[in-house]
file coords.cif (mmCIF, C-alpha atoms)
data_entry
#
loop_
_atom_site.label_atom_id
_atom_site.label_comp_id
_atom_site.auth_asym_id
_atom_site.auth_seq_id
_atom_site.Cartn_x
_atom_site.Cartn_y
_atom_site.Cartn_z
CA MET A 248 26.74 -42.89 3.46
CA LYS A 249 28.25 -39.40 3.30
CA LEU A 250 25.77 -36.59 2.61
CA ARG A 251 27.39 -33.16 2.39
CA HIS A 252 30.38 -34.49 4.37
CA HIS A 253 28.29 -35.87 7.25
CA SER A 254 28.05 -39.64 7.77
CA TYR A 255 24.53 -41.08 7.77
CA HIS A 256 23.32 -44.57 8.49
CA VAL A 257 21.11 -45.57 5.55
CA GLU A 258 19.54 -48.97 4.96
CA ILE A 259 18.65 -49.66 1.32
CA ILE A 260 16.54 -52.67 0.36
CA GLY A 261 14.58 -53.81 -2.66
CA SER A 262 14.52 -52.69 -6.27
CA GLY A 263 12.41 -50.38 -8.35
CA PRO A 264 11.48 -46.69 -8.02
CA PRO A 265 13.05 -44.96 -5.00
CA LEU A 266 11.08 -44.45 -1.80
CA LEU A 267 12.49 -42.51 1.15
CA LEU A 268 11.14 -43.19 4.67
CA LEU A 269 11.70 -40.61 7.42
CA HIS A 270 11.15 -41.53 11.09
CA GLY A 271 9.97 -39.33 13.95
CA PHE A 272 11.69 -37.99 17.06
CA THR A 273 13.25 -40.84 19.14
CA GLY A 274 12.87 -43.12 16.10
CA SER A 275 15.33 -44.59 13.62
CA SER A 276 15.47 -46.49 10.35
CA ALA A 277 14.21 -49.53 12.29
CA THR A 278 10.84 -47.77 12.58
CA TRP A 279 10.06 -48.88 9.05
CA GLU A 280 11.14 -52.54 9.21
CA MET A 281 7.66 -53.94 8.49
CA LEU A 282 6.81 -51.35 5.84
CA GLY A 283 10.16 -51.84 4.11
CA ARG A 284 9.70 -55.62 3.94
CA ARG A 285 6.27 -55.22 2.35
CA LEU A 286 7.43 -52.72 -0.26
CA GLN A 287 10.86 -54.04 -1.22
CA SER A 288 9.61 -56.12 -4.14
CA ASP A 289 8.28 -53.00 -5.88
CA TYR A 290 10.51 -50.17 -4.58
CA THR A 291 14.05 -49.40 -3.64
CA VAL A 292 13.38 -48.42 -0.04
CA TYR A 293 15.75 -46.00 1.68
CA CYS A 294 15.47 -45.96 5.49
CA ILE A 295 17.71 -43.30 7.01
CA ASP A 296 18.68 -42.39 10.57
CA LEU A 297 18.14 -38.62 10.69
CA LEU A 298 20.65 -36.31 12.39
CA GLY A 299 21.11 -37.16 16.06
CA HIS A 300 19.12 -40.40 15.81
CA GLY A 301 20.05 -44.06 15.63
CA GLN A 302 23.52 -44.51 14.19
CA THR A 303 23.71 -41.02 12.70
CA VAL A 304 25.52 -38.80 15.18
CA ALA A 305 24.54 -35.23 15.91
CA ALA A 306 26.34 -32.27 14.42
CA PRO A 307 27.05 -28.74 15.71
CA TYR A 308 23.88 -26.66 16.13
CA GLN A 309 24.10 -24.74 12.85
CA ARG A 310 24.71 -28.00 10.95
CA MET A 311 21.74 -29.64 12.72
CA ARG A 312 19.16 -27.11 11.56
CA LEU A 313 16.18 -28.34 9.58
CA THR A 314 17.31 -26.48 6.48
CA GLU A 315 20.64 -28.33 6.64
CA GLN A 316 18.89 -31.67 7.19
CA VAL A 317 16.78 -31.01 4.09
CA LYS A 318 19.87 -30.15 2.04
CA ASP A 319 21.42 -33.45 3.10
CA LEU A 320 18.34 -35.32 1.92
CA GLN A 321 18.33 -33.41 -1.36
CA ASP A 322 21.88 -34.72 -1.76
CA LEU A 323 20.52 -38.23 -1.25
CA LEU A 324 17.76 -37.70 -3.81
CA ALA A 325 20.36 -36.53 -6.31
CA THR A 326 22.08 -39.95 -6.19
CA ARG A 327 19.34 -41.12 -8.56
CA ASP A 328 18.12 -39.52 -11.77
CA GLU A 329 14.43 -40.27 -11.33
CA THR A 330 11.84 -38.71 -9.05
CA TRP A 331 11.12 -40.03 -5.55
CA SER A 332 8.25 -40.86 -3.26
CA VAL A 333 8.80 -39.65 0.32
CA LEU A 334 6.95 -40.73 3.45
CA GLY A 335 7.60 -39.06 6.79
CA TYR A 336 6.15 -39.43 10.27
CA SER A 337 5.84 -36.55 12.78
CA MET A 338 9.28 -34.87 12.76
CA GLY A 339 10.12 -36.85 9.62
CA GLY A 340 6.82 -35.67 8.17
CA ARG A 341 7.80 -32.05 8.67
CA ILE A 342 11.07 -32.76 6.89
CA ALA A 343 9.17 -34.54 4.10
CA LEU A 344 6.94 -31.49 3.63
CA MET A 345 9.99 -29.22 3.50
CA LEU A 346 11.47 -31.50 0.84
CA ALA A 347 8.19 -31.39 -1.10
CA ALA A 348 8.29 -27.59 -0.99
CA THR A 349 11.89 -27.30 -2.17
CA SER A 350 12.83 -30.29 -4.35
CA LYS A 351 11.60 -31.00 -7.87
CA GLN A 352 12.75 -34.60 -7.41
CA VAL A 353 9.89 -35.31 -4.99
CA LYS A 354 6.90 -36.55 -7.01
CA GLN A 355 4.79 -37.88 -4.13
CA THR A 356 4.64 -37.07 -0.42
CA ILE A 357 2.87 -39.06 2.29
CA ALA A 358 2.70 -37.01 5.48
CA VAL A 359 1.91 -38.97 8.65
CA SER A 360 0.75 -37.25 11.86
CA THR A 361 2.58 -34.05 11.08
CA THR A 362 2.35 -30.33 10.36
CA PRO A 363 3.55 -27.80 7.76
CA GLY A 364 4.75 -25.67 10.66
CA ILE A 365 3.54 -23.15 13.24
CA ARG A 366 2.20 -20.04 11.52
CA SER A 367 2.64 -17.58 14.41
CA ALA A 368 6.16 -16.25 15.04
CA HIS A 369 5.26 -15.77 18.71
CA GLU A 370 4.10 -19.36 19.06
CA ARG A 371 7.22 -20.61 17.28
CA ARG A 372 9.35 -18.72 19.80
CA LEU A 373 7.44 -20.24 22.72
CA ARG A 374 7.88 -23.70 21.18
CA ARG A 375 11.64 -23.17 20.83
CA GLN A 376 11.83 -22.20 24.49
CA ALA A 377 9.81 -25.26 25.52
CA ASP A 378 11.98 -27.59 23.42
CA ARG A 379 15.14 -26.13 24.93
CA ARG A 380 13.77 -26.78 28.42
CA LEU A 381 12.92 -30.31 27.34
CA ALA A 382 16.46 -30.81 26.00
CA ASN A 383 17.93 -29.57 29.27
CA ARG A 384 15.66 -31.96 31.16
CA LEU A 385 16.88 -34.82 28.99
CA LEU A 386 20.54 -34.01 29.63
CA THR A 387 19.98 -33.46 33.36
CA ASP A 388 17.70 -36.41 34.15
CA GLY A 389 19.26 -38.88 31.71
CA LEU A 390 17.83 -40.84 28.82
CA PRO A 391 15.85 -43.53 30.76
CA ASN A 392 13.97 -40.92 32.82
CA PHE A 393 13.31 -38.82 29.75
CA ILE A 394 11.94 -41.80 27.79
CA ALA A 395 9.66 -42.67 30.72
CA TYR A 396 8.38 -39.09 30.65
CA TRP A 397 8.05 -39.12 26.84
CA GLU A 398 6.02 -42.34 26.87
CA SER A 399 3.69 -40.87 29.51
CA LEU A 400 2.58 -38.02 27.22
CA PRO A 401 -1.12 -38.10 26.22
CA LEU A 402 0.03 -38.19 22.59
CA PHE A 403 1.20 -41.78 23.11
CA GLU A 404 -1.56 -42.97 25.44
CA SER A 405 -2.78 -45.51 22.88
CA GLN A 406 0.61 -47.26 22.92
CA ARG A 407 0.08 -48.19 26.54
CA HIS A 408 -2.64 -50.58 25.38
CA LEU A 409 -0.45 -52.45 22.92
CA PRO A 410 0.85 -55.96 23.71
CA LEU A 411 3.71 -55.84 26.22
CA GLU A 412 6.22 -57.25 23.75
CA VAL A 413 5.41 -54.42 21.32
CA GLN A 414 5.76 -51.79 24.05
CA GLU A 415 9.09 -53.27 25.13
CA SER A 416 10.39 -53.30 21.56
CA ILE A 417 9.49 -49.62 21.11
CA ARG A 418 11.11 -48.76 24.44
CA ARG A 419 14.33 -50.59 23.53
CA GLY A 420 14.55 -48.56 20.36
CA ARG A 421 14.08 -45.31 22.24
CA LEU A 422 16.59 -46.29 24.91
CA GLY A 423 19.10 -47.09 22.18
CA GLN A 424 19.29 -43.42 21.27
CA SER A 425 21.93 -40.94 22.37
CA ALA A 426 20.83 -38.36 24.94
CA GLU A 427 23.12 -35.80 23.32
CA GLY A 428 21.72 -36.57 19.87
CA LEU A 429 18.10 -36.26 20.94
CA ALA A 430 18.80 -33.05 22.86
CA ALA A 431 20.51 -31.54 19.81
CA SER A 432 17.54 -32.55 17.67
CA LEU A 433 15.07 -30.93 20.06
CA ILE A 434 17.01 -27.67 20.08
CA ALA A 435 17.79 -27.45 16.35
CA GLN A 436 14.95 -29.35 14.66
CA GLY A 437 11.86 -28.80 16.79
CA THR A 438 8.70 -27.40 15.24
CA GLY A 439 9.59 -23.94 16.54
CA ASN A 440 12.67 -23.95 14.32
CA MET A 441 10.68 -24.77 11.19
CA ALA A 442 9.75 -22.00 8.80
CA PRO A 443 6.10 -22.79 7.96
CA VAL A 444 5.59 -24.14 4.44
CA TRP A 445 1.79 -24.08 4.23
CA HIS A 446 1.85 -21.64 1.31
CA LEU A 447 4.48 -23.61 -0.62
CA LEU A 448 2.70 -26.96 -0.74
CA ASP A 449 0.73 -28.39 -3.64
CA ALA A 450 -2.26 -29.82 -1.77
CA ALA A 451 -3.09 -32.15 -4.64
CA ALA A 452 0.33 -33.83 -4.47
CA ILE A 453 0.32 -34.67 -0.76
CA ASP A 454 -1.53 -37.46 1.03
CA TRP A 455 -2.04 -37.29 4.77
CA ILE A 456 -2.36 -40.27 7.09
CA VAL A 457 -3.73 -39.54 10.55
CA GLY A 458 -4.97 -41.63 13.43
CA GLU A 459 -8.70 -41.09 13.92
CA GLU A 460 -8.13 -40.41 17.63
CA ASP A 461 -5.34 -37.86 17.03
CA VAL A 462 -7.45 -34.72 17.44
CA LYS A 463 -4.62 -32.19 17.11
CA PHE A 464 -3.14 -33.58 13.91
CA LYS A 465 -6.53 -34.36 12.36
CA LYS A 466 -7.29 -30.66 12.66
CA ILE A 467 -3.98 -29.74 11.04
CA ALA A 468 -4.61 -32.15 8.16
CA ASP A 469 -8.11 -30.70 7.69
CA GLU A 470 -6.57 -27.23 7.32
CA ALA A 471 -3.70 -28.28 5.07
CA ALA A 472 -5.18 -30.93 2.78
CA LEU A 473 -7.93 -31.61 0.30
CA PRO A 474 -10.61 -33.80 1.96
CA GLU A 475 -9.99 -36.67 -0.45
CA LYS A 476 -6.26 -36.61 0.43
CA ILE A 477 -6.81 -37.32 4.14
CA HIS A 478 -6.71 -40.99 5.13
CA LEU A 479 -7.90 -41.75 8.66
CA ILE A 480 -6.92 -44.93 10.50
CA PRO A 481 -9.52 -46.08 13.04
CA ALA A 482 -8.46 -47.05 16.56
CA ALA A 483 -5.16 -45.18 16.13
CA SER A 484 -3.71 -42.02 17.63
CA HIS A 485 -0.47 -40.13 16.90
CA ALA A 486 1.51 -43.20 15.78
CA PRO A 487 -0.86 -45.04 13.42
CA HIS A 488 1.99 -47.16 12.02
CA ILE A 489 2.42 -48.59 15.53
CA ASP A 490 -1.21 -48.65 16.70
CA GLN A 491 -2.53 -50.26 13.50
CA PRO A 492 0.44 -51.50 11.45
CA GLU A 493 -1.51 -53.63 8.97
CA LYS A 494 -4.02 -50.89 8.19
CA PHE A 495 -1.19 -48.39 7.87
CA VAL A 496 0.81 -50.53 5.45
CA THR A 497 -2.29 -51.25 3.37
CA ILE A 498 -3.03 -47.54 2.97
CA VAL A 499 0.57 -46.75 2.04
CA GLU A 500 0.62 -49.55 -0.55
CA LYS A 501 -2.61 -48.21 -2.08
CA LEU A 502 -1.32 -44.63 -2.21
CA LEU A 503 1.94 -45.65 -3.87
CA LEU A 504 0.13 -47.85 -6.39
CA THR A 505 -2.37 -45.09 -7.22
CA ASN A 506 0.47 -42.68 -7.84
CA GLN A 507 2.25 -45.18 -10.08
CA MET A 508 -0.90 -45.79 -12.10
CA GLY A 509 -1.44 -42.04 -12.48
CA GLU A 510 2.07 -41.58 -13.81
CA SER A 511 1.71 -44.40 -16.34
CA LYS A 512 -1.36 -42.86 -17.97
#
call {"tool": "encode", "arguments": {"input": "coords.cif", "output": "structure tokens"}}
result
Amino acid sequence: MKLRHHSYHVEIIGSGPPLLLLHGFTGSSATWEMLGRRLQSDYTVYCIDLLGHGQTVAAPYQRMRLTEQVKDLQDLLATRDETWSVLGYSMGGRIALMLAATSKQVKQTIAVSTTPGIRSAHERRLRRQADRRLANRLLTDGLPNFIAYWESLPLFESQRHLPLEVQESIRRGRLGQSAEGLAASLIAQGTGNMAPVWHLLDAAAIDWIVGEEDVKFKKIADEAALPEKIHLIPAASHAPHIDQPEKFVTIVEKLLLTNQMGESK
């Protein structure tokens, strides 16, 4: 699918109101295979490979910026007349929040393990520098070494306790990425390159899903959201859709249904 003259890989399944699913860094549309299957009888589910991920190739730096990625997705939303539900995880969650802040076509946002941005300009600059070093490490050491490093981060410690076949499936997906694409994403789309949108969000219109063991992102959700809009998943960390897939899907189904019922009143 062409969005503002850039080719995107988009998988579309099901029928009904449109739902857009946005993966995280090193992810792809395949991230949402289970969720898409469960929702396709009630929704038209759009699973997209974001810039530099999966089968969507990277673009020059200026074209890779988060603001450009959001404009591309606004182009996608405009392919349908009705409003959309958007769910995003981590990097995809940041993009989902930017869409919520800028697009009237977004009626519901589900933000998973994510942030509305770094408030401090100084801290954003430090994060940009760190992400550039990480990108250089990726290009120097190669993708397999980088993925081994990425999987060793404390953020993903819980995944090391998953069944081996699940771990291997996740690793295959990560190793199927392009080193150049991931490096470009780190440089252009890292959190340090995101203008914070805390002040632009309607807290009542956003649900947050966070792993109960994800201390950092639980704190962010507590600051950004109404208490009743935070949904914790026990025995899960930064990737609750991987740590506890059934619990995750059940919560998402409930949130979508509640929104539908609210609209029908």
call {"tool": "resolve_selection", "arguments": {"input": "coords.cif", "expression": "the PyMOL selection byres ((chain A and resi 498-503) around 9)", "output": "ChimeraX atom specification"}}
result
/A:282,285-286,332,334,355,357,454,456,478,480,493-497,504-508
call {"tool": "closest_residue", "arguments": {"input": "coords.cif", "among": "A:Ser350, A:Asn440, A:Thr303, A:Ser416", "to": "Leu320 in chain A", "atoms": "only C-alpha atoms"}}
result
A:Ser350
call {"tool": "resolve_selection", "arguments": {"input": "coords.cif", "expression": "the PyMOL selection byres ((chain A and resi 364) around 10)", "output": "list in words"}}
result
Arg341, Leu344, Met345, Thr361, Thr362, Pro363, Ile365, Arg366, Ser367, Arg371, Gly437, Thr438, Gly439, Asn440, Met441, Ala442, Pro443, Val444, Trp445 and Ile467 of chain A
call {"tool": "closest_residue", "arguments": {"input": "coords.cif", "among": "A:Ala382, A:Tyr290, A:Leu479, A:Thr278", "to": "Ile259 in chain A", "atoms": "all atoms listed in the file"}}
result
A:Tyr290
call {"tool": "closest_residue", "arguments": {"input": "coords.cif", "among": "A:Val292, A:Ala426, A:Ala435, A:Val353", "to": "Ile260 in chain A", "atoms": "all atoms listed in the file"}}
result
A:Val292
call {"tool": "closest_residue", "arguments": {"input": "coords.cif", "among": "A:Gln352, A:Ser254, A:Ser405, A:Asn392", "to": "Asp328 in chain A", "atoms": "only C-alpha atoms"}}
result
A:Gln352
call {"tool": "residues_around", "arguments": {"input": "coords.cif", "residues": "Gln406 in chain A", "least_positions_apart": "3", "cutoff": "10 Å", "atoms": "all atoms listed in the file", "output": "MDAnalysis selection string"}}
result
chainID A and resid 398:399 401:403 409:411 413:414 417 483:487 489:490
call {"tool": "atom_distance", "arguments": {"input": "coords.cif", "atom1": "CA of Lys476 in chain A", "atom2": "CA of Asp319 in chain A"}}
result
28.0 Å
call {"tool": "resolve_selection", "arguments": {"input": "coords.cif", "expression": "the PyMOL selection byres ((chain A and resi 385) around 12)", "output": "PyMOL selection string"}}
result
chain A and resi 378-384+386-397+424-434
call {"tool": "write_last_selection", "arguments": {"input": "coords.cif", "atoms": "C-alpha atoms", "output": "mmCIF file, keeping the file's coordinate frame"}}
result
data_model
loop_
_atom_site.group_PDB
_atom_site.id
_atom_site.type_symbol
_atom_site.label_atom_id
_atom_site.label_comp_id
_atom_site.auth_asym_id
_atom_site.auth_seq_id
_atom_site.Cartn_x
_atom_site.Cartn_y
_atom_site.Cartn_z
ATOM 1 C CA ASP A 378 11.980 -27.590 23.420
ATOM 2 C CA ARG A 379 15.140 -26.130 24.930
ATOM 3 C CA ARG A 380 13.770 -26.780 28.420
ATOM 4 C CA LEU A 381 12.920 -30.310 27.340
ATOM 5 C CA ALA A 382 16.460 -30.810 26.000
ATOM 6 C CA ASN A 383 17.930 -29.570 29.270
ATOM 7 C CA ARG A 384 15.660 -31.960 31.160
ATOM 8 C CA LEU A 386 20.540 -34.010 29.630
ATOM 9 C CA THR A 387 19.980 -33.460 33.360
ATOM 10 C CA ASP A 388 17.700 -36.410 34.150
ATOM 11 C CA GLY A 389 19.260 -38.880 31.710
ATOM 12 C CA LEU A 390 17.830 -40.840 28.820
ATOM 13 C CA PRO A 391 15.850 -43.530 30.760
ATOM 14 C CA ASN A 392 13.970 -40.920 32.820
ATOM 15 C CA PHE A 393 13.310 -38.820 29.750
ATOM 16 C CA ILE A 394 11.940 -41.800 27.790
ATOM 17 C CA ALA A 395 9.660 -42.670 30.720
ATOM 18 C CA TYR A 396 8.380 -39.090 30.650
ATOM 19 C CA TRP A 397 8.050 -39.120 26.840
ATOM 20 C CA GLN A 424 19.290 -43.420 21.270
ATOM 21 C CA SER A 425 21.930 -40.940 22.370
ATOM 22 C CA ALA A 426 20.830 -38.360 24.940
ATOM 23 C CA GLU A 427 23.120 -35.800 23.320
ATOM 24 C CA GLY A 428 21.720 -36.570 19.870
ATOM 25 C CA LEU A 429 18.100 -36.260 20.940
ATOM 26 C CA ALA A 430 18.800 -33.050 22.860
ATOM 27 C CA ALA A 431 20.510 -31.540 19.810
ATOM 28 C CA SER A 432 17.540 -32.550 17.670
ATOM 29 C CA LEU A 433 15.070 -30.930 20.060
ATOM 30 C CA ILE A 434 17.010 -27.670 20.080
#
call {"tool": "atom_distance", "arguments": {"input": "coords.cif", "atom1": "CA of Gly423 in chain A", "atom2": "CA of Gln436 in chain A"}}
result
19.7 Å
call {"tool": "atom_distance", "arguments": {"input": "coords.cif", "atom1": "CA of Val462 in chain A", "atom2": "CA of His270 in chain A"}}
result
20.8 Å
call {"tool": "residues_near_point", "arguments": {"input": "coords.cif", "point": "(-1.0, -30.9, -0.4)", "cutoff": "8 Å", "atoms": "all atoms listed in the file", "output": "ChimeraX atom specification"}}
result
/A:448-454,471-473,476
call {"tool": "closest_residue", "arguments": {"input": "coords.cif", "among": "A:Ala305, A:Ala358, A:Leu250, A:Leu373", "to": "Val317 in chain A", "atoms": "all atoms listed in the file"}}
result
A:Leu250
call {"tool": "closest_residue", "arguments": {"input": "coords.cif", "among": "A:Gly274, A:Arg374, A:Ala306, A:Arg284", "to": "Gly339 in chain A", "atoms": "all atoms listed in the file"}}
result
A:Gly274
call {"tool": "residues_around", "arguments": {"input": "coords.cif", "residues": "Glu329 in chain A", "least_positions_apart": "2", "cutoff": "10 Å", "atoms": "all atoms listed in the file", "output": "PyMOL selection string"}}
result
chain A and resi 264-265+324-327+331+352-354
call {"tool": "axis_aligned_box", "arguments": {"input": "coords.cif", "around": "range 363-382 of chain A", "padding_each_side": "3 Å", "output": "JSON"}}
result
{"center_x": 9.3, "center_y": -23.3, "center_z": 18.1, "size_x": 20.3, "size_y": 21.0, "size_z": 26.7}
